[in-house]
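Visitor: Okay, here's the structure, questions in a sec.
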Amino acid sequence: MNRFTQGNSRRYFRYSIQCKYFVSPELLESSTDIYSNGIDYFNRATEDSILHLKTQVMHKLHRLRAHQATFLQIVTDIFDKFDVVMGYLQMLNRGQEIASRKIYLQNHQALLGGFKGIKKLEDDAPKTYELLLKIEQKFVLYTQMIQETIDNSTRTKLHVCDYPEAFRFTPEIRLQFVNRGELLNSSDLLQMILSIEQLFEKGFEPFNNLATDYLLFQKHDSWIKRELNISACGLAFTDSRAYPNLTRADVKLSLDDSYAEVVRLDGKIVRSRYLPQQNLNQTAIDFYFPKSVEQKQLLGYLHRLETIESMQGWAHAGNQ
């Protein structure tokens with residue numbers, strides 16, 4: 001807990017709760033070419049997941065007994081196109097201008113042309129072809145969305161048409177092809193395709209988070225409840241997002257049963273570090289000189305949590 005508190009806020013403990021919250025680091029507009037909110041969406045957690053999933057794909061590929069050369073060509077092309085788009089996302093994540101670069105224009109049509117070699121599977125392996133075709137279609141759709149964002153974003157505005165969906169097979173596709181028990185466990189080919197799907201899902205997650213945060217910033221009713229450790233002096237959480245250390249931040253909390261729709265607090269990010277075992281980033285924020293109204297709202301909420309916890313403790317003791 002930090003020392004910048006008012007009243008008796010020190011006596012409140014930390015609580016782990018499910019809460020809607022939004023953290024906005026302070027960022028100078030002139031520090032980036034195009035829109036950036038200061039959050040690092042494409043960080044080590046994403047990079048490690050991508051490396052792990054690529055390794056899984058190659059491991060399953062080398063275990064295939066039939067058509068290995070064909071699938072090697074397909075996977076190589078998938079990785080090449082995937083890496084190009086990931087490069088765009090890394091630059092977009094840093095707020096760097098991309099649209100005018102020559103290499104971006106050269107890759108434009110090649111990325112939308114789909115994956116080389118999957119057409120060969122249409123007759124010999126129609127179900128495999130259909131699964132890879134679904135991945136290809138989603139990849140092209142995502143690439144178009146990212147290119148549209150790159151082409152139309154400005155320093156103050158992120159161009160996003162709609163909320164991007166997670167990159168995964170629909171329940172119908174999973175029911176038809178994937179959920180087949182023992183066959184899934186014994187099929188290296190099916191597991192390879194699922195690893196490719198997971199690779200794309202994890203790779204496009206930074207774009208999903210960036211777009212969703214931008215669209216939902218002012219719509220607290222639509223924020224997603226996430227695990228949060230909170231006290232009167234600060235909060236902590238783990239997330240795939242990484243935040244800049246020692247930076248001031250605007251913290252917004254939507255607390256259940258609170259008198260205010262949103263409690264807004266000034267804070268400072270005192271720690272944001274990568275946790276390799278969880279493959280997530282841990283962020284801690286201290287509240288600095290909160291306004292009395294906002295602090296009273298937070299203290300009132302914590303007091304209710306403390307009361308509920310005490311009553312539950314008494315009830316448990318009475319049942320012993």
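Numbering starts fresh at 1 for the residues of each chain in the structure tokens, the chains themselves are lettered A, B, ... in the order given, and ligands are numbered from 1 as they appear.
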With only C-alpha atoms as the counted atoms, please give the residues lying no more than 9 Å from region 140-146 of chain A, apart from itself and same-chain residues fewer than 5 positions off, as number ranges by chain.

Guide: A: 85, 88-89, 111-114, 135, 151, 160-161, 164, 167, 204, 207

Visitor: Could you dump the residues just selected with N, CA, C and O atoms as a PDB file, in the first residue's frame?

Guide:
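part.pdb was written with the following content:
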```
ATOM      1  N   VAL A  85       1.581 -10.401 -41.300  1.00  0.00           N
ATOM      2  CA  VAL A  85       0.489  -9.697 -40.625  1.00  0.00           C
ATOM      3  C   VAL A  85       0.858  -9.401 -39.172  1.00  0.00           C
ATOM      4  O   VAL A  85       0.520  -8.339 -38.642  1.00  0.00           O
ATOM      5  N   TYR A  88       2.739  -6.278 -39.058  1.00  0.00           N
ATOM      6  CA  TYR A  88       1.849  -5.120 -39.125  1.00  0.00           C
ATOM      7  C   TYR A  88       1.240  -4.822 -37.751  1.00  0.00           C
ATOM      8  O   TYR A  88       1.154  -3.662 -37.330  1.00  0.00           O
ATOM      9  N   LEU A  89       0.813  -5.882 -37.063  1.00  0.00           N
ATOM     10  CA  LEU A  89       0.182  -5.685 -35.756  1.00  0.00           C
ATOM     11  C   LEU A  89       1.166  -5.115 -34.740  1.00  0.00           C
ATOM     12  O   LEU A  89       0.783  -4.295 -33.899  1.00  0.00           O
ATOM     13  N   LEU A 111      -1.361 -11.275 -49.504  1.00  0.00           N
ATOM     14  CA  LEU A 111      -1.981 -11.729 -48.263  1.00  0.00           C
ATOM     15  C   LEU A 111      -3.439 -12.115 -48.464  1.00  0.00           C
ATOM     16  O   LEU A 111      -3.952 -13.021 -47.803  1.00  0.00           O
ATOM     17  N   LEU A 112      -4.109 -11.426 -49.373  1.00  0.00           N
ATOM     18  CA  LEU A 112      -5.528 -11.698 -49.603  1.00  0.00           C
ATOM     19  C   LEU A 112      -5.745 -12.864 -50.557  1.00  0.00           C
ATOM     20  O   LEU A 112      -6.885 -13.282 -50.777  1.00  0.00           O
ATOM     21  N   GLY A 113      -4.666 -13.398 -51.114  1.00  0.00           N
ATOM     22  CA  GLY A 113      -4.787 -14.506 -52.062  1.00  0.00           C
ATOM     23  C   GLY A 113      -4.955 -15.866 -51.415  1.00  0.00           C
ATOM     24  O   GLY A 113      -5.130 -16.872 -52.109  1.00  0.00           O
ATOM     25  N   GLY A 114      -4.893 -15.922 -50.089  1.00  0.00           N
ATOM     26  CA  GLY A 114      -5.078 -17.197 -49.401  1.00  0.00           C
ATOM     27  C   GLY A 114      -3.798 -18.005 -49.312  1.00  0.00           C
ATOM     28  O   GLY A 114      -2.706 -17.526 -49.619  1.00  0.00           O
ATOM     29  N   ILE A 135     -10.095 -21.673 -42.038  1.00  0.00           N
ATOM     30  CA  ILE A 135      -9.022 -20.859 -41.461  1.00  0.00           C
ATOM     31  C   ILE A 135      -8.569 -19.799 -42.456  1.00  0.00           C
ATOM     32  O   ILE A 135      -8.347 -18.636 -42.094  1.00  0.00           O
ATOM     33  N   ASP A 151      -5.041   1.737 -43.008  1.00  0.00           N
ATOM     34  CA  ASP A 151      -5.215   2.737 -44.067  1.00  0.00           C
ATOM     35  C   ASP A 151      -5.985   3.969 -43.600  1.00  0.00           C
ATOM     36  O   ASP A 151      -5.813   5.056 -44.166  1.00  0.00           O
ATOM     37  N   VAL A 160     -12.002   1.468 -36.692  1.00  0.00           N
ATOM     38  CA  VAL A 160     -12.477   0.100 -36.488  1.00  0.00           C
ATOM     39  C   VAL A 160     -13.940   0.060 -36.885  1.00  0.00           C
ATOM     40  O   VAL A 160     -14.749   0.836 -36.367  1.00  0.00           O
ATOM     41  N   CYS A 161     -14.281  -0.834 -37.811  1.00  0.00           N
ATOM     42  CA  CYS A 161     -15.661  -0.899 -38.299  1.00  0.00           C
ATOM     43  C   CYS A 161     -16.594  -1.555 -37.287  1.00  0.00           C
ATOM     44  O   CYS A 161     -17.711  -1.115 -37.078  1.00  0.00           O
ATOM     45  N   PRO A 164     -14.258  -7.105 -33.558  1.00  0.00           N
ATOM     46  CA  PRO A 164     -13.769  -8.344 -34.175  1.00  0.00           C
ATOM     47  C   PRO A 164     -14.076  -9.547 -33.295  1.00  0.00           C
ATOM     48  O   PRO A 164     -13.956  -9.482 -32.073  1.00  0.00           O
ATOM     49  N   PHE A 167     -10.798 -15.494 -33.208  1.00  0.00           N
ATOM     50  CA  PHE A 167     -10.448 -16.327 -34.357  1.00  0.00           C
ATOM     51  C   PHE A 167     -10.523 -17.791 -33.932  1.00  0.00           C
ATOM     52  O   PHE A 167      -9.557 -18.371 -33.446  1.00  0.00           O
ATOM     53  N   PHE A 204      -3.964 -12.925 -33.405  1.00  0.00           N
ATOM     54  CA  PHE A 204      -4.869 -11.803 -33.665  1.00  0.00           C
ATOM     55  C   PHE A 204      -5.474 -11.229 -32.390  1.00  0.00           C
ATOM     56  O   PHE A 204      -6.198 -10.235 -32.446  1.00  0.00           O
ATOM     57  N   PHE A 207      -4.953  -7.439 -31.764  1.00  0.00           N
ATOM     58  CA  PHE A 207      -5.839  -6.572 -32.545  1.00  0.00           C
ATOM     59  C   PHE A 207      -7.239  -6.560 -31.941  1.00  0.00           C
ATOM     60  O   PHE A 207      -7.881  -5.504 -31.853  1.00  0.00           O
TER      61      PHE A 207
END
```

Visitor: Applying 8 Å and only C-alpha atoms, which residues near Ala211 (chain A) remain after dropping the ones on its own chain fewer than 2 positions away? List them as a PyMOL selection string.

Guide: chain A and resi 158+160+163-164+207-209+213-215

Visitor: Please determine, counting only C-alpha atoms, which residue among A:Ser272, A:Gln295, A:Gln282, A:Asn229 has the shortest atom-to-atom distance to Pro25 (chain A).

Guide: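 Among the listed residues, A:Ser272 lies closest to Pro25 (chain A).
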
Visitor: Given the choices A:Asp286, A:Asp40, A:Glu201, A:Asp77, which gets closest to Leu53 (chain A) if the distance is worked out from only C-alpha atoms?

Guide: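 Selected residue with least distance to Leu53 (chain A): A:Glu201.
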
Visitor: Hey, what's within 9 Å of Phe115 (chain A) if we count only C-alpha atoms and toss same-chain stuff fewer than 6 positions away? As a list in words, please?

Guide: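 The residues satisfying every condition are Ile74, Val75, Asp77, Ile78, Lys81, Leu132, Leu133 and Glu136 of chain A.
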
Visitor: Restricting it to N, CA, C and O atoms, dump the selection as a PDB file, in the first residue's frame.

Guide:
```pdb
ATOM      1  N   ILE A  74       2.119 -26.123 -47.384  1.00  0.00           N
ATOM      2  CA  ILE A  74       0.978 -25.340 -46.900  1.00  0.00           C
ATOM      3  C   ILE A  74       1.340 -24.600 -45.617  1.00  0.00           C
ATOM      4  O   ILE A  74       1.100 -23.392 -45.481  1.00  0.00           O
ATOM      5  N   VAL A  75       1.928 -25.319 -44.663  1.00  0.00           N
ATOM      6  CA  VAL A  75       2.264 -24.715 -43.370  1.00  0.00           C
ATOM      7  C   VAL A  75       3.321 -23.621 -43.535  1.00  0.00           C
ATOM      8  O   VAL A  75       3.248 -22.571 -42.885  1.00  0.00           O
ATOM      9  N   ASP A  77       3.757 -21.667 -46.104  1.00  0.00           N
ATOM     10  CA  ASP A  77       3.085 -20.481 -46.644  1.00  0.00           C
ATOM     11  C   ASP A  77       2.213 -19.815 -45.585  1.00  0.00           C
ATOM     12  O   ASP A  77       2.159 -18.581 -45.499  1.00  0.00           O
ATOM     13  N   ILE A  78       1.541 -20.629 -44.765  1.00  0.00           N
ATOM     14  CA  ILE A  78       0.722 -20.081 -43.679  1.00  0.00           C
ATOM     15  C   ILE A  78       1.590 -19.278 -42.719  1.00  0.00           C
ATOM     16  O   ILE A  78       1.251 -18.147 -42.340  1.00  0.00           O
ATOM     17  N   LYS A  81       2.775 -15.869 -44.333  1.00  0.00           N
ATOM     18  CA  LYS A  81       1.727 -14.837 -44.368  1.00  0.00           C
ATOM     19  C   LYS A  81       1.353 -14.386 -42.954  1.00  0.00           C
ATOM     20  O   LYS A  81       1.119 -13.197 -42.703  1.00  0.00           O
ATOM     21  N   LEU A 132      -9.123 -26.245 -43.405  1.00  0.00           N
ATOM     22  CA  LEU A 132      -8.100 -25.264 -43.763  1.00  0.00           C
ATOM     23  C   LEU A 132      -8.708 -24.091 -44.530  1.00  0.00           C
ATOM     24  O   LEU A 132      -8.252 -22.948 -44.403  1.00  0.00           O
ATOM     25  N   LEU A 133      -9.737 -24.378 -45.315  1.00  0.00           N
ATOM     26  CA  LEU A 133     -10.415 -23.304 -46.046  1.00  0.00           C
ATOM     27  C   LEU A 133     -11.100 -22.344 -45.075  1.00  0.00           C
ATOM     28  O   LEU A 133     -11.087 -21.122 -45.284  1.00  0.00           O
ATOM     29  N   GLU A 136      -8.430 -20.185 -43.709  1.00  0.00           N
ATOM     30  CA  GLU A 136      -8.018 -19.237 -44.742  1.00  0.00           C
ATOM     31  C   GLU A 136      -9.016 -18.090 -44.869  1.00  0.00           C
ATOM     32  O   GLU A 136      -8.625 -16.914 -44.947  1.00  0.00           O
TER      33      GLU A 136
END
```

Visitor: May I ask for the distance between CA of Leu51 (chain A) and CA of Asn279 (chain A), given in Å to one decimal place?

Guide: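 Taking CA of Leu51 (chain A) as the start and CA of Asn279 (chain A) as the end point, the length is 12.1 Å.
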
Visitor: What is the CA of Leu199 (chain A)-CA of Arg271 (chain A) distance in Å, reported with one decimal?

Guide: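 About the pair CA of Leu199 (chain A) and CA of Arg271 (chain A): they are 28.8 Å apart.
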
Visitor: Could you state the separation of CA of Tyr288 (chain A) and CA of Lys252 (chain A) in Å, given to one decimal place?

Guide: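 Separation of CA of Tyr288 (chain A) and CA of Lys252 (chain A): 13.9 Å.
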
Visitor: So which bits of region 105-284 of chain A end up strand (DSSP E) when you DSSP the backbone, as a VMD selection string?

Guide: chain A and resid 226 to 230 234 to 239 247 to 254 263 to 275 280 to 284

Visitor: With N, CA and C atoms retained, write the just-selected residues as an mmCIF file, in the first residue's frame.

Guide:
```cif
data_model
loop_
_atom_site.group_PDB
_atom_site.id
_atom_site.type_symbol
_atom_site.label_atom_id
_atom_site.label_comp_id
_atom_site.auth_asym_id
_atom_site.auth_seq_id
_atom_site.Cartn_x
_atom_site.Cartn_y
_atom_site.Cartn_z
ATOM 1 N N ARG A 226 -13.599 -8.837 -14.926
ATOM 2 C CA ARG A 226 -12.337 -9.569 -14.830
ATOM 3 C C ARG A 226 -11.867 -9.588 -13.380
ATOM 4 N N GLU A 227 -10.979 -10.519 -13.095
ATOM 5 C CA GLU A 227 -10.458 -10.652 -11.732
ATOM 6 C C GLU A 227 -9.597 -9.439 -11.383
ATOM 7 N N LEU A 228 -9.820 -8.903 -10.199
ATOM 8 C CA LEU A 228 -9.109 -7.701 -9.768
ATOM 9 C C LEU A 228 -8.847 -7.789 -8.275
ATOM 10 N N ASN A 229 -7.634 -7.428 -7.870
ATOM 11 C CA ASN A 229 -7.284 -7.361 -6.456
ATOM 12 C C ASN A 229 -7.246 -5.887 -6.074
ATOM 13 N N ILE A 230 -8.088 -5.488 -5.127
ATOM 14 C CA ILE A 230 -8.270 -4.056 -4.880
ATOM 15 C C ILE A 230 -8.253 -3.740 -3.393
ATOM 16 N N GLY A 234 -4.893 0.966 -3.820
ATOM 17 C CA GLY A 234 -4.445 0.564 -5.145
ATOM 18 C C GLY A 234 -5.111 -0.716 -5.597
ATOM 19 N N LEU A 235 -4.661 -1.198 -6.726
ATOM 20 C CA LEU A 235 -5.215 -2.430 -7.277
ATOM 21 C C LEU A 235 -4.124 -3.177 -8.034
ATOM 22 N N ALA A 236 -4.407 -4.446 -8.313
ATOM 23 C CA ALA A 236 -3.477 -5.281 -9.073
ATOM 24 C C ALA A 236 -4.283 -6.288 -9.877
ATOM 25 N N PHE A 237 -3.747 -6.680 -11.025
ATOM 26 C CA PHE A 237 -4.434 -7.648 -11.870
ATOM 27 C C PHE A 237 -3.429 -8.289 -12.818
ATOM 28 N N THR A 238 -3.819 -9.421 -13.385
ATOM 29 C CA THR A 238 -3.022 -10.071 -14.423
ATOM 30 C C THR A 238 -3.824 -10.071 -15.713
ATOM 31 N N ASP A 239 -3.107 -9.896 -16.821
ATOM 32 C CA ASP A 239 -3.783 -9.734 -18.105
ATOM 33 C C ASP A 239 -2.769 -9.991 -19.209
ATOM 34 N N THR A 247 4.160 5.188 -14.881
ATOM 35 C CA THR A 247 3.376 6.115 -15.695
ATOM 36 C C THR A 247 2.060 6.406 -14.989
ATOM 37 N N ARG A 248 1.627 7.643 -15.034
ATOM 38 C CA ARG A 248 0.326 7.977 -14.464
ATOM 39 C C ARG A 248 -0.769 7.313 -15.285
ATOM 40 N N ALA A 249 -1.863 6.996 -14.622
ATOM 41 C CA ALA A 249 -2.947 6.298 -15.305
ATOM 42 C C ALA A 249 -4.293 6.747 -14.753
ATOM 43 N N ASP A 250 -5.258 6.780 -15.639
ATOM 44 C CA ASP A 250 -6.641 7.056 -15.268
ATOM 45 C C ASP A 250 -7.329 5.709 -15.059
ATOM 46 N N VAL A 251 -7.822 5.466 -13.855
ATOM 47 C CA VAL A 251 -8.443 4.186 -13.510
ATOM 48 C C VAL A 251 -9.946 4.386 -13.357
ATOM 49 N N LYS A 252 -10.709 3.589 -14.092
ATOM 50 C CA LYS A 252 -12.162 3.634 -13.984
ATOM 51 C C LYS A 252 -12.660 2.280 -13.490
ATOM 52 N N LEU A 253 -13.512 2.323 -12.473
ATOM 53 C CA LEU A 253 -14.060 1.107 -11.877
ATOM 54 C C LEU A 253 -15.580 1.147 -11.946
ATOM 55 N N SER A 254 -16.170 0.066 -12.390
ATOM 56 C CA SER A 254 -17.621 -0.088 -12.344
ATOM 57 C C SER A 254 -17.915 -1.151 -11.294
ATOM 58 N N VAL A 263 -16.485 4.799 -10.823
ATOM 59 C CA VAL A 263 -15.587 5.475 -9.886
ATOM 60 C C VAL A 263 -14.274 5.733 -10.618
ATOM 61 N N ARG A 264 -13.881 6.987 -10.684
ATOM 62 C CA ARG A 264 -12.679 7.371 -11.429
ATOM 63 C C ARG A 264 -11.597 7.808 -10.453
ATOM 64 N N LEU A 265 -10.417 7.199 -10.586
ATOM 65 C CA LEU A 265 -9.314 7.469 -9.664
ATOM 66 C C LEU A 265 -8.028 7.738 -10.437
ATOM 67 N N ASP A 266 -7.227 8.654 -9.903
ATOM 68 C CA ASP A 266 -5.901 8.903 -10.469
ATOM 69 C C ASP A 266 -4.917 7.908 -9.867
ATOM 70 N N GLY A 267 -4.117 7.302 -10.713
ATOM 71 C CA GLY A 267 -3.175 6.312 -10.212
ATOM 72 C C GLY A 267 -1.831 6.403 -10.898
ATOM 73 N N LYS A 268 -0.928 5.581 -10.422
ATOM 74 C CA LYS A 268 0.385 5.466 -11.036
ATOM 75 C C LYS A 268 0.733 3.987 -11.148
ATOM 76 N N ILE A 269 1.147 3.577 -12.338
ATOM 77 C CA ILE A 269 1.527 2.182 -12.563
ATOM 78 C C ILE A 269 2.897 1.971 -11.928
ATOM 79 N N VAL A 270 2.921 1.229 -10.843
ATOM 80 C CA VAL A 270 4.174 1.036 -10.109
ATOM 81 C C VAL A 270 4.861 -0.275 -10.481
ATOM 82 N N ARG A 271 4.122 -1.172 -11.137
ATOM 83 C CA ARG A 271 4.746 -2.426 -11.559
ATOM 84 C C ARG A 271 3.947 -3.040 -12.702
ATOM 85 N N SER A 272 4.644 -3.418 -13.754
ATOM 86 C CA SER A 272 4.047 -4.207 -14.829
ATOM 87 C C SER A 272 5.118 -5.173 -15.301
ATOM 88 N N ARG A 273 4.934 -6.437 -14.987
ATOM 89 C CA ARG A 273 5.983 -7.414 -15.271
ATOM 90 C C ARG A 273 5.380 -8.686 -15.852
ATOM 91 N N TYR A 274 6.204 -9.387 -16.606
ATOM 92 C CA TYR A 274 5.777 -10.620 -17.263
ATOM 93 C C TYR A 274 5.944 -11.799 -16.313
ATOM 94 N N LEU A 275 4.917 -12.657 -16.253
ATOM 95 C CA LEU A 275 4.955 -13.865 -15.432
ATOM 96 C C LEU A 275 5.056 -15.070 -16.363
ATOM 97 N N LEU A 280 1.277 -14.391 -18.599
ATOM 98 C CA LEU A 280 0.467 -13.188 -18.467
ATOM 99 C C LEU A 280 1.331 -12.075 -17.878
ATOM 100 N N ASN A 281 0.798 -10.863 -17.896
ATOM 101 C CA ASN A 281 1.483 -9.716 -17.310
ATOM 102 C C ASN A 281 0.769 -9.295 -16.027
ATOM 103 N N GLN A 282 1.539 -9.061 -14.995
ATOM 104 C CA GLN A 282 0.982 -8.598 -13.722
ATOM 105 C C GLN A 282 1.198 -7.095 -13.604
ATOM 106 N N THR A 283 0.123 -6.384 -13.309
ATOM 107 C CA THR A 283 0.183 -4.926 -13.209
ATOM 108 C C THR A 283 -0.320 -4.485 -11.843
ATOM 109 N N ALA A 284 0.402 -3.565 -11.216
ATOM 110 C CA ALA A 284 -0.004 -2.999 -9.927
ATOM 111 C C ALA A 284 -0.070 -1.483 -10.061
#
```

Visitor: When DSSP works through the backbone of this structure, what residues of region 200-314 of chain A end up as alpha helix (DSSP H), shown as a PyMOL selection string?

Guide: chain A and resi 200-216+292-314
